[in-house]
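Report on the structure given below.
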Amino acid sequence: MTETKAPIVSMRGITKAYGGVQALKGVDLDIYLGEVHALVGDNAAGKSSLIKTLAGAVRPDAGTITFEGREVRIEDPRDAKALGIETVYQDLALADNLDVPANVFLGREITRRPPFGWFLDNRAMEERARGLLARLKINIPNVRLKVRAMSGGQRQSIAIARCVCFNARVIILDEPTAALGVQETGKVYALIREMRDQGCGVLLISHNLNHVFENCDRITVMKTGSLVGSRRVEETTQDEVVKMIVSGTADPPRAAGRPQPLAQPG
Ligand SMILES: Nc1ncnc2c1ncn2[C@@H]1O[C@H](COP(=O)(O)OP(=O)(O)O)[C@@H](O)[C@H]1O
Ligand SMILES: [Mg+2]
């Protein structure tokens with residue numbers, strides 16, 4: 001997938017204080033369609049606060065957000081959704097006692113109008129849900145099971161599939177695999193890459209740099225409310241990213257094809 005050159009989302013100077021805590025001190029971030037962008041950094045770096053301003057869950061004190069080149073106001077989650085920005089929260093917000101189609105269509109059920117009033121078109125929802133899972137290569141043999149009975153990875157996949165179904169252009173995930181085992185983590189990242197390949201822009205928070213380097217295209221490091229730096233994975237290393245996370249400083253990005261200057265002795 002070739003990346004679109006202009007970012008779909010540009011956040012500039014995003015600032016947020018909670019009482020005396022300056023959680024975001026003027027952060028810039030760009031999101032591109034066809035890319036998985038990882039946000040990394042120690043606890044209290046401001047990662048969750050930053051994605052919440054994009055999701056409409058937190059209102060910044062200052063800063064601007066442009067979407068497709070146009071400045072937008074995202075004042076609540078509905079504003080974000082209207083732009084095609086969907087968020088998968090850690091608690092997933094699935095209805096445990098419902099099956100897969102009901103969860104995928106939760107809040108915007110397909111209805112038909114027969115002569116004597118509205119009813120849910122369960123068959124249409126099941127067919128659409130099956131088609132969606134197939135398109136995203138998610139393996140859930142029995143979609144009629146209540147999601148309570150499903151594994152953490154299957155549940156996370158359903159929550160992500162739900163975003164796609166809402167025609168998301170940008171998908172935000174806060175630690176999508178934090179509670180998952182190795183195999184399930186692999187499947188969830190496969191799904192995230194699939195959504196990228198289908199043209200979405202993905203922004204995710206992760207603490208696992210191995211996962212980030214295996215699955216992501218771009219890495220942004222934050223520390224104590226500030227941006228440290230942003231790198232494409234092929235222009236950085238895990239060592240450099242660890243150094244950025246720990247020190248809160250970054251060397252200038254390496255220019256492709258130019259040899260690195262040698263460190264000065266002493
Ligand atoms: N709702 C809140 N009220 C008060 N302080 C908050 C709130 N949310 C986050 N903070 C503080 O803001 C800072 C950044 O938090 P957060 O965005 O959650 O960072 P991260 O996700 O990188 O761990 C932390 O010091 C945190 O304690
Ligand atoms: Mg967080």
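Please note that chains go A, B, ... in the order of the structure tokens, that every chain numbers its residues from 1, and that ligands are numbered from 1 in the order shown.
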Compile the contact shell of range 62-78 of chain A as a short mmCIF file (atom, residue, chain, number, x, y, z; two decimals) with N, CA and C atoms, in the first residue's frame: residues with an atom at most 10 Å away, counting only C-alpha atoms, same-chain residues fewer than 4 positions apart removed.
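Final file, part.cif:
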```
data_model
loop_
_atom_site.label_atom_id
_atom_site.label_comp_id
_atom_site.auth_asym_id
_atom_site.auth_seq_id
_atom_site.Cartn_x
_atom_site.Cartn_y
_atom_site.Cartn_z
N ALA A 6 -0.32 13.53 1.74
CA ALA A 6 -0.86 14.47 2.74
C ALA A 6 -1.49 13.67 3.87
N PRO A 7 -1.24 14.08 5.12
CA PRO A 7 -1.87 13.36 6.23
C PRO A 7 -3.39 13.57 6.23
N ILE A 8 -4.13 12.55 6.66
CA ILE A 8 -5.59 12.73 6.78
C ILE A 8 -5.90 13.56 8.03
N VAL A 9 -5.08 13.35 9.08
CA VAL A 9 -5.25 14.11 10.33
C VAL A 9 -3.94 14.81 10.68
N SER A 10 -4.03 16.09 11.00
CA SER A 10 -2.87 16.81 11.55
C SER A 10 -3.28 17.47 12.85
N MET A 11 -2.61 17.06 13.93
CA MET A 11 -2.85 17.71 15.22
C MET A 11 -1.67 18.64 15.47
N ARG A 12 -1.96 19.87 15.88
CA ARG A 12 -0.89 20.84 16.09
C ARG A 12 -1.06 21.57 17.42
N GLY A 13 0.01 21.56 18.20
CA GLY A 13 0.03 22.34 19.44
C GLY A 13 -1.01 21.92 20.46
N ILE A 14 -1.29 20.62 20.52
CA ILE A 14 -2.37 20.17 21.42
C ILE A 14 -1.89 20.26 22.88
N THR A 15 -2.67 20.99 23.65
CA THR A 15 -2.31 21.32 25.03
C THR A 15 -3.48 20.96 25.93
N LYS A 16 -3.16 20.34 27.08
CA LYS A 16 -4.23 19.98 28.01
C LYS A 16 -3.70 19.91 29.44
N ALA A 17 -4.37 20.60 30.34
CA ALA A 17 -4.03 20.49 31.76
C ALA A 17 -5.23 19.91 32.50
N LEU A 24 -0.54 17.55 28.40
CA LEU A 24 -0.08 17.73 27.02
C LEU A 24 0.44 19.16 26.87
N LYS A 25 1.68 19.27 26.38
CA LYS A 25 2.34 20.58 26.33
C LYS A 25 2.59 21.03 24.89
N GLY A 26 1.56 20.96 24.07
CA GLY A 26 1.73 21.44 22.70
C GLY A 26 2.27 20.35 21.79
N VAL A 27 1.47 19.31 21.56
CA VAL A 27 1.93 18.13 20.82
C VAL A 27 1.43 18.17 19.38
N ASP A 28 2.31 17.81 18.45
CA ASP A 28 1.97 17.69 17.02
C ASP A 28 1.94 16.22 16.64
N LEU A 29 0.97 15.83 15.83
CA LEU A 29 0.91 14.44 15.36
C LEU A 29 0.19 14.40 14.01
N ASP A 30 0.73 13.62 13.07
CA ASP A 30 0.09 13.42 11.77
C ASP A 30 -0.30 11.95 11.62
N ILE A 31 -1.46 11.72 11.02
CA ILE A 31 -1.90 10.35 10.72
C ILE A 31 -2.13 10.25 9.22
N LYS A 52 -7.37 10.74 23.18
CA LYS A 52 -8.73 11.12 23.59
C LYS A 52 -9.14 12.47 23.02
N THR A 53 -8.18 13.37 22.78
CA THR A 53 -8.58 14.64 22.17
C THR A 53 -9.02 14.40 20.72
N LEU A 54 -8.41 13.42 20.06
CA LEU A 54 -8.82 13.11 18.69
C LEU A 54 -10.15 12.37 18.68
N ALA A 55 -10.38 11.56 19.71
CA ALA A 55 -11.62 10.78 19.79
C ALA A 55 -12.80 11.63 20.29
N GLY A 56 -12.51 12.84 20.76
CA GLY A 56 -13.58 13.69 21.27
C GLY A 56 -13.93 13.41 22.72
N ALA A 57 -13.12 12.61 23.40
CA ALA A 57 -13.39 12.28 24.80
C ALA A 57 -12.76 13.30 25.75
N VAL A 58 -11.78 14.04 25.27
CA VAL A 58 -11.12 15.08 26.08
C VAL A 58 -11.05 16.34 25.22
N ALA A 82 -18.53 11.37 13.23
CA ALA A 82 -19.07 11.97 12.01
C ALA A 82 -17.96 12.17 10.97
N LEU A 83 -16.72 12.33 11.44
CA LEU A 83 -15.59 12.47 10.52
C LEU A 83 -15.05 11.11 10.07
N GLY A 84 -15.52 10.03 10.69
CA GLY A 84 -14.97 8.71 10.38
C GLY A 84 -13.80 8.34 11.27
N ILE A 85 -13.72 8.94 12.44
CA ILE A 85 -12.69 8.61 13.42
C ILE A 85 -13.34 7.74 14.49
N GLU A 86 -12.94 6.46 14.54
CA GLU A 86 -13.55 5.51 15.48
C GLU A 86 -12.51 5.06 16.49
N THR A 87 -12.94 4.87 17.72
CA THR A 87 -12.03 4.48 18.79
C THR A 87 -12.44 3.14 19.37
#
```
>> So that I can check the secondary structure, give me every residue of range 95-238 of chain A assigned helix (DSSP H, G or I) by backbone DSSP, as JSON, numbers by chain.
In response: {"A": [100, 101, 102, 103, 104, 122, 123, 124, 125, 126, 127, 128, 129, 130, 131, 132, 133, 134, 135, 147, 148, 149, 152, 153, 154, 155, 156, 157, 158, 159, 160, 161, 162, 163, 164, 165, 182, 183, 184, 185, 186, 187, 188, 189, 190, 191, 192, 193, 194, 195, 196, 197, 209, 210, 211, 212, 213, 214, 215, 233, 234, 235, 238]}
Give one line per residue of chain A that approaches ligand 1 to at most 9 Å, naming the two atoms of the closest pair and their distance in Å to one decimal, counting only C-alpha atoms and all ligand atoms; sort by chain then ascending residue number and deliver it as CSV.
```
residue,atom,partner,partner_atom_place_in_ligand_line,distance
A:Lys16,CA,ligand 1,12 (O),8.5
A:Ala17,CA,ligand 1,12 (O),7.5
A:Tyr18,CA,ligand 1,4 (C),4.7
A:Gly19,CA,ligand 1,4 (C),6.8
A:Gly20,CA,ligand 1,5 (N),8.5
A:Val21,CA,ligand 1,12 (O),6.1
A:Gln22,CA,ligand 1,12 (O),6.7
A:Ala23,CA,ligand 1,12 (O),4.1
A:Leu24,CA,ligand 1,14 (C),7.2
A:Leu39,CA,ligand 1,22 (O),8.9
A:Val40,CA,ligand 1,22 (O),7.7
A:Gly41,CA,ligand 1,22 (O),6.3
A:Asp42,CA,ligand 1,22 (O),6.1
A:Asn43,CA,ligand 1,23 (O),3.7
A:Ala44,CA,ligand 1,19 (O),3.5
A:Ala45,CA,ligand 1,22 (O),3.7
A:Gly46,CA,ligand 1,17 (O),3.3
A:Lys47,CA,ligand 1,22 (O),3.8
A:Ser48,CA,ligand 1,21 (O),3.7
A:Ser49,CA,ligand 1,17 (O),3.6
A:Leu50,CA,ligand 1,17 (O),6.4
A:Ile51,CA,ligand 1,17 (O),8.3
A:Lys52,CA,ligand 1,17 (O),8.3
A:Val58,CA,ligand 1,1 (N),8.6
A:Asp174,CA,ligand 1,21 (O),8.5
A:Ile205,CA,ligand 1,21 (O),8.2
A:Met222,CA,ligand 1,22 (O),7.6
A:Lys223,CA,ligand 1,22 (O),7.7
A:Thr224,CA,ligand 1,14 (C),7.1
A:Gly225,CA,ligand 1,14 (C),6.6
```
Given the selection you just returned, output its residues as a file containing N, CA and C atoms, formatted as a compact mmCIF listing (two decimals), in the first residue's frame.
```
# COMPACT_ATOMS: atom_id res chain seq x y z
N LYS A 16 -3.16 20.34 27.08
CA LYS A 16 -4.23 19.98 28.01
C LYS A 16 -3.70 19.91 29.44
N ALA A 17 -4.37 20.60 30.34
CA ALA A 17 -4.03 20.49 31.76
C ALA A 17 -5.23 19.91 32.50
N TYR A 18 -4.95 19.02 33.44
CA TYR A 18 -5.99 18.57 34.37
C TYR A 18 -5.63 19.20 35.71
N GLY A 19 -6.33 20.23 36.10
CA GLY A 19 -5.93 20.93 37.32
C GLY A 19 -4.49 21.40 37.17
N GLY A 20 -3.63 21.00 38.09
CA GLY A 20 -2.23 21.44 38.03
C GLY A 20 -1.35 20.56 37.16
N VAL A 21 -1.91 19.46 36.63
CA VAL A 21 -1.08 18.53 35.84
C VAL A 21 -1.14 18.92 34.37
N GLN A 22 0.02 19.30 33.82
CA GLN A 22 0.09 19.64 32.40
C GLN A 22 0.29 18.33 31.63
N ALA A 23 -0.80 17.71 31.19
CA ALA A 23 -0.73 16.39 30.55
C ALA A 23 -0.22 16.47 29.12
N LEU A 24 -0.54 17.55 28.40
CA LEU A 24 -0.08 17.73 27.02
C LEU A 24 0.44 19.16 26.87
N LEU A 39 2.03 5.03 18.99
CA LEU A 39 2.36 6.07 19.96
C LEU A 39 2.96 5.35 21.16
N VAL A 40 4.20 5.70 21.48
CA VAL A 40 4.89 5.02 22.58
C VAL A 40 5.43 6.03 23.57
N GLY A 41 5.79 5.53 24.76
CA GLY A 41 6.32 6.41 25.81
C GLY A 41 5.96 5.86 27.17
N ASP A 42 6.70 6.31 28.17
CA ASP A 42 6.46 5.84 29.53
C ASP A 42 5.08 6.24 30.04
N ASN A 43 4.68 5.70 31.18
CA ASN A 43 3.45 6.10 31.83
C ASN A 43 3.47 7.61 32.06
N ALA A 44 2.28 8.22 31.91
CA ALA A 44 2.09 9.65 32.12
C ALA A 44 2.74 10.50 31.03
N ALA A 45 3.12 9.88 29.92
CA ALA A 45 3.66 10.63 28.79
C ALA A 45 2.60 11.52 28.15
N GLY A 46 1.33 11.12 28.31
CA GLY A 46 0.24 11.88 27.70
C GLY A 46 -0.38 11.18 26.49
N LYS A 47 -0.01 9.91 26.29
CA LYS A 47 -0.49 9.16 25.11
C LYS A 47 -2.02 9.06 25.10
N SER A 48 -2.57 8.60 26.22
CA SER A 48 -4.04 8.42 26.26
C SER A 48 -4.74 9.77 26.12
N SER A 49 -4.21 10.79 26.77
CA SER A 49 -4.83 12.12 26.66
C SER A 49 -4.83 12.59 25.21
N LEU A 50 -3.74 12.36 24.50
CA LEU A 50 -3.65 12.82 23.11
C LEU A 50 -4.69 12.11 22.23
N ILE A 51 -4.77 10.79 22.35
CA ILE A 51 -5.74 10.10 21.48
C ILE A 51 -7.17 10.45 21.89
N LYS A 52 -7.37 10.74 23.18
CA LYS A 52 -8.73 11.12 23.59
C LYS A 52 -9.14 12.47 23.02
N VAL A 58 -11.78 14.04 25.27
CA VAL A 58 -11.12 15.08 26.08
C VAL A 58 -11.05 16.34 25.22
N ASP A 174 -6.23 1.99 22.04
CA ASP A 174 -5.37 2.19 23.21
C ASP A 174 -4.99 0.82 23.73
N ILE A 205 -1.69 2.82 20.67
CA ILE A 205 -0.74 2.95 21.77
C ILE A 205 -0.25 1.55 22.10
N MET A 222 6.52 10.01 22.96
CA MET A 222 6.17 11.13 23.85
C MET A 222 6.80 10.92 25.22
N LYS A 223 7.04 12.03 25.90
CA LYS A 223 7.51 11.97 27.29
C LYS A 223 6.97 13.17 28.05
N THR A 224 6.42 12.93 29.22
CA THR A 224 5.86 13.96 30.12
C THR A 224 5.16 15.09 29.35
N GLY A 225 4.24 14.71 28.49
CA GLY A 225 3.37 15.67 27.84
C GLY A 225 3.92 16.32 26.58
```
>> Using Å and a single decimal, report how far CA of Ile192 in chain A sits from CA of Gly248 in chain A.
In response: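 Separation of CA of Gly248 in chain A and CA of Ile192 in chain A: 28.2 Å.
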>> Nearest residue to ligand 2 out of A:Gln154, A:Tyr89, A:Asp197, A:Asp239, using only C-alpha atoms and all ligand atoms?
In response: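 For ligand 2, the nearest of the given residues is A:Tyr89.
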>> What does the structure give for the distance between CA of Ala179 in chain A and CA of Ser151 in chain A, in Å to one decimal?
In response: 10.8 Å
> For Val241 in chain A, which residue out of A:Met150, A:Gln198, A:Ala38, A:Ala168 is the nearest one, using only C-alpha atoms?
Replying inline: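 Once distances to Val241 in chain A are computed over only C-alpha atoms, the minimum belongs to A:Ala38.
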>> From the options A:Lys81, A:Val221, A:Gly186, A:Val246, which residue's atoms come nearest to Asn167 in chain A, counting only C-alpha atoms?
In response: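 Among the listed residues, A:Lys81 lies closest to Asn167 in chain A.
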